[in-house]
Protein chains: 6
Amino acid sequence: MHTIDELIQLALKEDIGPGDITTDNLVEPGTHGRGIIIAKEELIIAGLQVAEKVFSQLEPQIKFRAFYTDGDRVSVGSTVIRIEGMLSTLLKGERTALNFLQRLSGIATLTRAYVEEVAGKSVTLVDTRKTTPGWRVLEKYAVRKGGAHNHRMGLYDGVLIKDNHIAVAGGITSAVKRTRQAVSHLVKVEVEASTLKEVNEALSAGADIIMLDNMNIEQIRQAVSVIDKRALVEVSGGVTREKLKNLAQTGVDLISIGALTHSAVAVDLSMRIEPM
Amino acid sequence: MHTIDELIQLALKEDIGPGDITTDNLVEPGTHGRGIIIAKEELIIAGLQVAEKVFSQLEPQIKFRAFYTDGDRVSVGSTVIRIEGMLSTLLKGERTALNFLQRLSGIATLTRAYVEEVAGKSVTLVDTRKTTPGWRVLEKYAVRKGGAHNHRMGLYDGVLIKDNHIAVAGGITSAVKRTRQAVSHLVKVEVEASTLKEVNEALSAGADIIMLDNMNIEQIRQAVSVIDKRALVEVSGGVTREKLKNLAQTGVDLISIGALTHSAVAVDLSMRIEPM
Amino acid sequence: MHTIDELIQLALKEDIGPGDITTDNLVEPGTHGRGIIIAKEELIIAGLQVAEKVFSQLEPQIKFRAFYTDGDRVSVGSTVIRIEGMLSTLLKGERTALNFLQRLSGIATLTRAYVEEVAGKSVTLVDTRKTTPGWRVLEKYAVRKGGAHNHRMGLYDGVLIKDNHIAVAGGITSAVKRTRQAVSHLVKVEVEASTLKEVNEALSAGADIIMLDNMNIEQIRQAVSVIDKRALVEVSGGVTREKLKNLAQTGVDLISIGALTHSAVAVDLSMRIEPM
Amino acid sequence: MHTIDELIQLALKEDIGPGDITTDNLVEPGTHGRGIIIAKEELIIAGLQVAEKVFSQLEPQIKFRAFYTDGDRVSVGSTVIRIEGMLSTLLKGERTALNFLQRLSGIATLTRAYVEEVAGKSVTLVDTRKTTPGWRVLEKYAVRKGGAHNHRMGLYDGVLIKDNHIAVAGGITSAVKRTRQAVSHLVKVEVEASTLKEVNEALSAGADIIMLDNMNIEQIRQAVSVIDKRALVEVSGGVTREKLKNLAQTGVDLISIGALTHSAVAVDLSMRIEPM
Amino acid sequence: MHTIDELIQLALKEDIGPGDITTDNLVEPGTHGRGIIIAKEELIIAGLQVAEKVFSQLEPQIKFRAFYTDGDRVSVGSTVIRIEGMLSTLLKGERTALNFLQRLSGIATLTRAYVEEVAGKSVTLVDTRKTTPGWRVLEKYAVRKGGAHNHRMGLYDGVLIKDNHIAVAGGITSAVKRTRQAVSHLVKVEVEASTLKEVNEALSAGADIIMLDNMNIEQIRQAVSVIDKRALVEVSGGVTREKLKNLAQTGVDLISIGALTHSAVAVDLSMRIEPM
Amino acid sequence: MHTIDELIQLALKEDIGPGDITTDNLVEPGTHGRGIIIAKEELIIAGLQVAEKVFSQLEPQIKFRAFYTDGDRVSVGSTVIRIEGMLSTLLKGERTALNFLQRLSGIATLTRAYVEEVAGKSVTLVDTRKTTPGWRVLEKYAVRKGGAHNHRMGLYDGVLIKDNHIAVAGGITSAVKRTRQAVSHLVKVEVEASTLKEVNEALSAGADIIMLDNMNIEQIRQAVSVIDKRALVEVSGGVTREKLKNLAQTGVDLISIGALTHSAVAVDLSMRIEPM
């Protein structure tokens with residue numbers, strides 16, 4: 001959780017800076033308070049541990065109690081979290097904690113909606129690398145809590161051979177062979193293909209996964225039939241919630257969706273604070 | 001620009017980690033390339049310098065040329081940026097640079113739409129602290145490029161007295177007096193008020209700005225009339241694009257809108273890379 | 001308090017480095033000790049929490065008890081702090097803790113002397129940005145504990161338009177207008193003026209504060225009378241303790257004094273350590 | 001120079017934070033400027049490279065020309081430095097660069113005065129660990145430029161056995177023996193002594209240096225005669241400029257003076273900036 | 001290469017600290033020098049870029065020329081590198097650069113000897129996570145330059161199910177199923193097996209790779225025959241250079257060898273420096 | 001211990017990265033476990049506190065009990081450490097903790113063997129700066145636990161004048177004089193000499209220590225006799241375990257041995273983990 005701690009520290013620094021000039025001058029040191037975080041709309045909660053860390057970075061002894069677990073559905077008006085500690089801690093951490101929770105729950109909530117769209121289908125929805133810079137690990141976590149799966153974490157933990165790589169490597173066959181030889185035997189090799197010819201070449205080269213790039217439904221169906229379980233089939237590019245059901249019925253194994261992270265918006269959560 | 005450099009470093013680390021195992025094994029060291037970033041929808045561009053920094057952190061000598069300036073409107077299909085350098089740099093920096101550009105331009109584009117809603121009115125639209133943790137300075141910059149203004153940067157550069165502060169300080173009058181005395185004479189004091197009684201108290205206490213919290217149009221109109229230019233008037237809370245025109249006609253000075261940052265989604269930009 | 005923690009860490013690193021080769025080789029691990037910090041001259045104490053942090057960074061469980069509160073006057077020979085913990089912690093933290101306390105109390109003590117010079121006058125004494133690099137937040141804190149007030153924290157939380165800015169902006173009027181429009185509505189605009197003509201221009205431009213730069217007493221008096229409460233009046237530049245009373249009688253609102261921080265010297269505090 | 005770069009970064013961050021809201025809004029990007037740093041009193045200059053680094057961290061290409069070398073005496077009114085670069089860089093770096101230069105030159109100037117007090121004597125003046133936390137390396141550098149020498153850098157590069165160490169080690173003899181055995185053969189062992197008896201014990205134990213702690217002139221004279229060149233003799237504790245000549249005549253080898261760093265104040269330097 | 005830069009910085013800090021007190025006091029600033037790094041024994045070179053970074057962190061403009069490429073065999077007495085820059089840079093960077101080169105080349109040299117032992121066999125030699133803390137990426141790079149391959153980089157980029165995981169997951173089948181579902185589809189699943197029964201269970205569960213843990217040659221042969229190409233077979237545990245050939249003849253795909261990193265010693269390289 | 005904490009953090013980051021994808025998906029949060037670290041060969045243990053820190057960085061509350069003290073001899077099969085905490089902590093920290101322990105104990109074990117070679121002789125064995133970059137403080141600590149002593153920590157805490165320094169300083173006499181004058185009086189001056197002529201020059205110049213560089217036994221004997229206790233005598237260069245006894249009988253004071261750190265290999269320690 002190290003890089004997450006770094007991000008939380010960055011966030012508290014940018015908000016509090018040299019000091020909260022309202023709270024520091026009005027709240028008597030030693031005053032205790034209680035805070036309640038409430039869902040203002042129905043949502044899938046994600047980020048509870050991050051919210052706790054925000055407050056405990058400010059006050060290690062703080063009492064933080066969550067009434068839900070990440071991935072749970074929370075109905076409007078429900079109390080999600082209760083926090084007890086210094087009143088000044090609550091006032092200083094409030095916005096940062098909410099900003100984390102609202103974005104991560106926003107991603108989990110959006111993801112859940114996509115996932116429900118293909119309920120009962122054998123297809124797996126996965127995210128992409130189109131995440132908020134600095135938030136990769138957190139956003140991919142929220143996607144999992146929403147019920148979808150993760151594609152590779154970054155450029156380091158999976159081979160994905162795209163058109164440019166193919167061009168400079170002198171063809172799909174050579175590209176697959178060269179990477180297979182160079183990387184750990186624990187890593188799979190995925191190849192992007194935009195025509196049936198490329199699909200066939202990737203298959204012969206021994207690709208573990210073939211990503212069908214911007215193909216239409218008919219082409220996808222043909223590709224699935226050609227591949228015939230000899231590699232995993234992934235569909236990628238411009239996937240909307242509307243197209244999802246049709247795509248799922250083509251028999252592909254995986255659908256990757258950038259929107260899960262790049263088009264999620266904050267859900268509405270608020271915090272009520274009172275002195276104790 | 002220091003904290004921005006830190007965020008960019010974090011972003012490159014989380015994506016590249018110990019190495020881009022596809023590119024490092026396929027692209028011959030020394031191969032040059034060219035990349036073109038293109039708008040796939042109409043948008044207001046923001047974040048050009050950040051995108052440049054992403055690439056120059058990977059390769060200080062890289063040539064980066066932008067055809068627009070932050071805040072410009074870009075039409076579909078237009079080339080926004082041309083980059084020339086190592087092909088491997090382009091492949092490694094592509095996603096991170098796009099992730100920055102797409103989110104920041106998304107904020108600028110959404111903000112511009114809100115701003116145009118009140119074109120010709122004397123009201124000023126401002127953002128809030130509901131920003132992505134770690135991105136405060138960047139997102140507030142994108143808001144300015146979209147045409148709106150910034151509220152305070154954080155808890156350190158403006159006094160904003162809310163109900164909790166008032167409760168523990170023993171009333172508005174005491175709260176204003178105590179903060180005024182404690183903070184630099186360069187900082188203004190803003191007070192949140194949800195009733196006309198509180199508005200009057202804030203006025204007498206000498207607040208520089210009064211924030212009307214969740215009042216309806218009629219209450220706002222009354223408050224504006226009571227305040228009568230003796231303080232700036234800000235409206236806050238649940239402001240939607242639909243309500244904007246009506247709010248603008250009440251005579252308030254400022255409308256603060258969380259949605260500018262917390263509900264902006266990525267705009268569509270893509271990068272075409274080719275060996276040279 | 002984040003950047004302060006960073007400075008404390010830097011300080012402990014520069015003093016202890018790879019290890020205290022005297023203590024590490026002579027003090028048996030597990031030996032306890034007690035330390036007493038004593039005032040060797042009359043002083044205003046400041047920095048108690050920093051001193052505590054120095055020791056608790058070395059030994060989180062250490063017992064630290066302060067007999068005074070920052071801002072208190074301490075007489076010669078009084079015990080200010082008692083610390084109990086590992087003897088090695090006391091020996092390693094001693095100099096760093098004292099170095100912090102002696103400088104911060106030195107600033108508080110000097111500031112108090114300036115403040116007493118204008119006791120009963122309505123003028124406010126403020127500090128400047130002439131602080132020890134890396135120590136800004138701490139030194140401005142010590143100034144407050146000495147009884148004076150803070151000018152802006154840095155370049156980011158207050159607009160101060162100086163001659164250079166006026167020159168490149170094409171005049172005071174334009175400079176005030178352009179900054180007012182660009183910055184948050186919570187930030188005030190201050191303008192430096194060295195002639196009555198400039199004072200008038202700043203007034204018309206709507207400056208919130210006018211800083212009279214290096215004017216003599218007579219000019220200051222005239223400026224105060226011209227401004228006539230329409231803006232706050234600040235005097236700045238070469239303010240000595242001798243001139244203070246005369247300046248205070250001119251009716252200015254604020255006097256800024258670089259010497260509070262740039263000419264403060266360490267007060268005398270010492271630590272007596274004994275094994276327990 | 002690594003930790004110095006860290007301190008400079010800390011300093012620029014604390015001053016500029018999220019941005020210089022005056023300069024960023026008034027100075028057109030691309031405007032060039034020239035800055036001249038002038039001595040407003042006679043002084044010994046120190047810190048020229050640090051000042052250069054402040055500006056070059058903001059703008060790597062900046063032109064910085066110093067007309068003196070650290071340690072030089074500069075007369076009132078002389079131009080010390082000329083800088084050419086972006087006008088905004090000059091305005092943003094001005095205060096931080098001056099704050100560094102003024103404190104370091106203040107130390108060099110004060111040190112030079114002490115050194116001249118004992119001109120022609122064979123005694124060596126040395127500093128102490130009573131430096132500004134975070135500034136150890138810089139302030140010890142300024143002391144050297146003032147003409148005095150450095151005592152140990154920190155707890156890691158020299159053994160200094162004080163009363164507490166002697167107490168827990170069971171006597172001077174055992175303390176010297178144990179440390180000598182434990183540390184590198186390149187490190188000398190110094191023992192603090194406050195009576196002649198202790199001086200003798202330290203001598204027999206084979207101390208390389210004996211520090212006479214708070215002895216009067218007569219006692220010092222006796223100690224020097226007893227030691228008779230078999231160890232270096234250092235005098236420490238409450239050394240003022242007045243006592244210096246008398247101390248120097250006792251025949252001691254070294255006099256350590258905390259005031260060189262803990263009682264130095266800023267010398268007066270100012271910067272004149274103009275657009276180009 | 002970010003974490004490598006961090007390690008280099010750490011290394012230079014620990015060696016140079018507040019300054020090289022020999023060189024800084026003897027070498028006139030501005031004196032140029034030339035350094036030649038020579039192999040004092042036959043070796044496989046690795047770490048040339050790291051060595052270059054050591055010097056260029058100290059002096060960005062330094063001229064560094066390598067006469068070999070990482071992975072090349074270098075004979076006794078050959079000049080490997082020539083460096084021209086400030087004499088002080090050469091003296092300060094010498095030991096750190098050599099320390100990096102000697103250890104990394106030591107690993108490459110040892111690895112090459114192992115690889116040659118199985119020349120002509122179809123087996124692949126791989127490293128382990130038994131690397132020097134802080135050096136993971138560098139040491140795995142040296143292993144590749146020695147001619148072997150990498151196992152997973154860390155705990156994050158490959159699933160390796162060991163006995164403890166199996167115990168808490170309630171059996172191999174459940175463990176494979178649960179991890180497969182949770183991780184990215186780009187990541188393979190490896191299972192440790194120490195009996196033929198476990199091998200069979202892992203096979204049925206669909207493991208991609210089966211690691212035979214501390215089996216004897218006969219057991220390995222049986223396992224290979226049972227698995228029959230349905231999964232990759234890895235041998236691990238106590239592999240010595242002597243056993244290597246026999247192991248290679250069992251038909252396993254991979255042999256992992258901790259000794260490549262944990263038992264490599266520095267090869268002999270020295271640097272000759274002269275003023276220019 | 002600050003830089004050690006930094007190295008441990010680096011090590012955990014490089015191994016765990018964004019998460020342990022095996023453990024995180026198989027071990028139920030809240031499952032406790034016990035780990036036992038066992039010596040698989042006879043060894044001198046070193047690094048117990050570092051191992052503890054690895055686990056306590058992951059889980060501050062963890063129970064860590066060591067049955068030996070650094071420097072103790074441990075026989076095959078003995079339990080060295082018992083740890084109780086979260087099962088997931090044990091699995092995540094295992095390899096990093098072992099990697100630290102195995103290398104540091106490897107150094108202590110090798111050093112002990114060298115030390116026993118000269119048991120009863122009055123000579124002191126010392127290490128060199130040929131340590132693993134980033135590990136200087138740790139490896140020098142392990143050397144001490146093995147029974148040898150430390151040479152200087154780095155370039156900052158001891159003067160060692162080599163041929164290059166002599167060349168640019170214009171001779172040994174000038175080099176000794178100039179450094180003696182510049183450095184703290186607590187630091188000794190060592191000079192490298194490769195002929196008797198240089199030995200004599202170093203003696204006259206007042207060197208505290210003379211390092212005989214690559215001399216044969218006969219030359220060393222002569223040098224010792226010439227120096228005749230007027231300076232410490234150190235032998236350096238290509239010292240092997242075989243030559244050690246002969247060298248010890250020449251009467252030199254110190255023998256420095258790079259192999260203690262650059263040729264130490266990991267000793268065999270393993271960890272047995274079980275759920276509780």
# chains A, B, ... in the order shown; residues from 1 in each chain; ligands from 1
call {"tool": "interface_residues", "arguments": {"of": "chain F", "to": "chain E", "cutoff": "7 Å", "atoms": "only C-alpha atoms", "output": "number ranges by chain"}}
result
F: 7, 10-11, 14-23, 25-27, 96, 99-100, 130-134, 136, 154-156, 159-161, 164-165, 168-169, 175, 178-179, 182-183, 262-266, 274
call {"tool": "residues_around", "arguments": {"residues": "region 143-148 of chain D", "least_positions_apart": "2", "cutoff": "8 Å", "atoms": "only C-alpha atoms", "output": "ChimeraX atom specification"}}
result
/D:44,46,70-71,107-112,115,124-127,139-141,150,260-261
call {"tool": "residues_around", "arguments": {"residues": "region 198-213 of chain B", "least_positions_apart": "5", "cutoff": "12 Å", "atoms": "only C-alpha atoms", "output": "ChimeraX atom specification"}}
result
/B:151,158-163,166,171-180,186-193,218-239,247,252-256 /C:184-188,208
call {"tool": "select_by_dssp", "arguments": {"residues": "region 9-224 of chain C", "states": "strand (DSSP E)", "output": "PyMOL selection string"}}
result
chain C and resi 32-39+43-44+63-66+73-74+79-86+124-126+159-161+189-193+209-213
call {"tool": "select_by_dssp", "arguments": {"residues": "region 191-229 of chain D", "states": "alpha helix (DSSP H)", "output": "MDAnalysis selection string"}}
result
chainID D and resid 196:205 217:227
call {"tool": "write_last_selection", "arguments": {"atoms": "N, CA, C and O atoms", "output": "tab-separated table (two decimals), in the first residue's frame"}}
result
chain	number	residue	atom	x	y	z
D	196	LEU	N	41.41	19.74	36.60
D	196	LEU	CA	42.77	19.28	36.25
D	196	LEU	C	42.89	17.77	36.43
D	196	LEU	O	43.59	17.10	35.67
D	197	LYS	N	42.18	17.27	37.44
D	197	LYS	CA	42.18	15.83	37.66
D	197	LYS	C	41.68	15.10	36.40
D	197	LYS	O	42.28	14.12	35.94
D	198	GLU	N	40.61	15.61	35.84
D	198	GLU	CA	40.06	15.00	34.62
D	198	GLU	C	41.03	15.16	33.46
D	198	GLU	O	41.15	14.30	32.60
D	199	VAL	N	41.68	16.31	33.42
D	199	VAL	CA	42.66	16.53	32.36
D	199	VAL	C	43.74	15.46	32.43
D	199	VAL	O	44.09	14.83	31.43
D	200	ASN	N	44.21	15.20	33.61
D	200	ASN	CA	45.25	14.19	33.78
D	200	ASN	C	44.77	12.80	33.39
D	200	ASN	O	45.48	12.04	32.74
D	201	GLU	N	43.56	12.51	33.80
D	201	GLU	CA	43.01	11.19	33.48
D	201	GLU	C	42.87	11.02	31.96
D	201	GLU	O	43.19	9.97	31.40
D	202	ALA	N	42.39	12.09	31.31
D	202	ALA	CA	42.22	12.04	29.85
D	202	ALA	C	43.58	11.84	29.17
D	202	ALA	O	43.71	11.08	28.21
D	203	LEU	N	44.57	12.51	29.69
D	203	LEU	CA	45.92	12.38	29.13
D	203	LEU	C	46.42	10.95	29.23
D	203	LEU	O	46.91	10.37	28.25
D	204	SER	N	46.29	10.38	30.41
D	204	SER	CA	46.76	9.01	30.62
D	204	SER	C	45.98	8.04	29.74
D	204	SER	O	46.52	7.04	29.27
D	205	ALA	N	44.72	8.33	29.56
D	205	ALA	CA	43.89	7.43	28.75
D	205	ALA	C	44.25	7.52	27.28
D	205	ALA	O	43.81	6.72	26.46
D	217	ILE	N	40.49	31.55	33.04
D	217	ILE	CA	41.78	31.74	32.36
D	217	ILE	C	42.92	31.05	33.12
D	217	ILE	O	43.77	30.39	32.51
D	218	GLU	N	42.90	31.18	34.40
D	218	GLU	CA	43.99	30.61	35.20
D	218	GLU	C	44.02	29.08	35.10
D	218	GLU	O	45.07	28.46	34.88
D	219	GLN	N	42.84	28.49	35.21
D	219	GLN	CA	42.74	27.03	35.10
D	219	GLN	C	43.18	26.55	33.72
D	219	GLN	O	43.85	25.53	33.56
D	220	ILE	N	42.80	27.33	32.73
D	220	ILE	CA	43.18	26.96	31.35
D	220	ILE	C	44.69	26.97	31.21
D	220	ILE	O	45.29	26.05	30.66
D	221	ARG	N	45.29	28.02	31.74
D	221	ARG	CA	46.75	28.13	31.67
D	221	ARG	C	47.41	26.91	32.31
D	221	ARG	O	48.33	26.31	31.76
D	222	GLN	N	46.92	26.53	33.47
D	222	GLN	CA	47.47	25.36	34.15
D	222	GLN	C	47.30	24.09	33.32
D	222	GLN	O	48.21	23.27	33.18
D	223	ALA	N	46.11	23.94	32.75
D	223	ALA	CA	45.82	22.75	31.96
D	223	ALA	C	46.77	22.66	30.76
D	223	ALA	O	47.32	21.60	30.45
D	224	VAL	N	46.96	23.80	30.09
D	224	VAL	CA	47.86	23.82	28.94
D	224	VAL	C	49.26	23.38	29.36
D	224	VAL	O	49.92	22.59	28.66
D	225	SER	N	49.67	23.85	30.53
D	225	SER	CA	51.03	23.53	30.99
D	225	SER	C	51.12	22.04	31.36
D	225	SER	O	52.11	21.37	31.05
D	226	VAL	N	50.08	21.50	31.99
D	226	VAL	CA	50.06	20.08	32.34
D	226	VAL	C	50.07	19.20	31.08
D	226	VAL	O	50.80	18.22	30.98
D	227	ILE	N	49.26	19.58	30.14
D	227	ILE	CA	49.13	18.76	28.91
D	227	ILE	C	50.42	18.78	28.11
D	227	ILE	O	50.86	17.77	27.56
call {"tool": "residues_around", "arguments": {"residues": "Gln49 (chain C)", "least_positions_apart": "5", "cutoff": "10 Å", "atoms": "only C-alpha atoms", "output": "list in words"}}
result
Val54, Phe64, Ala66, Thr69, Asp70 and Leu101 of chain C
